[in-house]
Amino acid sequence: DRRKAREQAFALLFELSFHPGQSLEAILTCAAESELLPEVEPFAQELTATAFAHLETLDEEIAKHLRGWRLERISRASHAILRLAVCEILYYNQKIPVGASINEAVELAKIYADEEAPRFINGVLGTVARSRGAATKAQGAGAC
């Protein structure tokens, strides 16, 4: 399901934060060998590949919408979650409602980041979505 795929994509992007400059193939191989992600969902691979291909653009978009923060000060978990969600907002908004991307990012933050992160991530993603003219309301419970 998409939630599991997002969680896997988050884990791969989080892993990248420890190995900047690594190729996607190297990160996938490392994940498979570690047995943490022995089988990566196809959607997770697609999301991760898209994010890897656009890391600079994603980071620029995130940085533009930070208020009182610098990208370098954000925790690795929050950064990976933001990259994933901004990737969805920029490149998947025809397939995935923006509100669903934001909601899923907030849920990931509740599990993997500190207690302030969900609110912070929701705020940053809300400004990203508004700047792009995207509707942020989720399409009912369980959208995507």
# chains A, B, ... in the order shown; residues from 1 in each chain; ligands from 1
>>> closest_atom_pairs(of="region 74-130 of chain A", to="region 51-59 of chain A", cutoff="9 Å", atoms="only C-alpha atoms", output="JSON lines")
{"residue": "A:His79", "atom": "CA", "partner": "A:Asp59", "partner_atom": "CA", "distance": 8.7}
{"residue": "A:Leu82", "atom": "CA", "partner": "A:Leu58", "partner_atom": "CA", "distance": 8.5}
{"residue": "A:Arg83", "atom": "CA", "partner": "A:Leu58", "partner_atom": "CA", "distance": 5.9}
{"residue": "A:Leu84", "atom": "CA", "partner": "A:Ala51", "partner_atom": "CA", "distance": 6.7}
{"residue": "A:Val86", "atom": "CA", "partner": "A:Leu58", "partner_atom": "CA", "distance": 6.3}
{"residue": "A:Cys87", "atom": "CA", "partner": "A:Ala51", "partner_atom": "CA", "distance": 5.8}
{"residue": "A:Glu88", "atom": "CA", "partner": "A:Ala51", "partner_atom": "CA", "distance": 8.7}
{"residue": "A:Leu90", "atom": "CA", "partner": "A:Leu58", "partner_atom": "CA", "distance": 8.5}
>>> residues_around(residues="Glu7 (chain A)", least_positions_apart="3", cutoff="10 Å", atoms="only C-alpha atoms", output="list of chain:residue names")
A:Arg2, A:Arg3, A:Lys4, A:Phe10, A:Ala11, A:Leu12, A:Leu13, A:Ala44, A:Ile81, A:Leu84, A:Glu104, A:Ala105, A:Glu107, A:Leu108, A:Tyr112
>>> select_by_dssp(residues="chain A", states="helix (DSSP H, G or I)", output="ChimeraX atom specification")
/A:2-18,24-34,42-53,55-64,71-73,76-91,98-112,117-131
>>> atom_distance(atom1="CA of Ala129 (chain A)", atom2="CA of Leu16 (chain A)")
24.8 Å
>>> atom_distance(atom1="CA of Ala85 (chain A)", atom2="CA of Asp114 (chain A)")
17.4 Å
>>> atom_distance(atom1="CA of Asn93 (chain A)", atom2="CA of Arg70 (chain A)")
26.1 Å
>>> residues_around(residues="region 74-77 of chain A", least_positions_apart="5", cutoff="8 Å", atoms="only C-alpha atoms", output="list of chain:residue names")
A:Phe14, A:Ser17, A:Trp69, A:Ala109, A:Tyr112, A:Ala113
>>> residues_around(residues="Asp1 (chain A)", least_positions_apart="4", cutoff="10 Å", atoms="only C-alpha atoms", output="PyMOL selection string")
chain A and resi 5-6+41+43-44+144
>>> residues_around(residues="Val128 (chain A)", least_positions_apart="5", cutoff="8 Å", atoms="only C-alpha atoms", output="short mmCIF file (atom, residue, chain, number, x, y, z; two decimals) with C-alpha atoms, in the first residue's frame")
data_model
loop_
_atom_site.label_atom_id
_atom_site.label_comp_id
_atom_site.auth_asym_id
_atom_site.auth_seq_id
_atom_site.Cartn_x
_atom_site.Cartn_y
_atom_site.Cartn_z
CA GLU A 61 11.82 24.47 -2.39
CA ILE A 62 12.03 23.45 1.27
CA HIS A 65 9.54 28.06 2.87
CA VAL A 86 7.72 18.02 -1.46
#
>>> closest_residue(among="A:Ser78, A:Thr127, A:Gln45, A:Asn122", to="Ala31 (chain A)", atoms="only C-alpha atoms")
A:Gln45
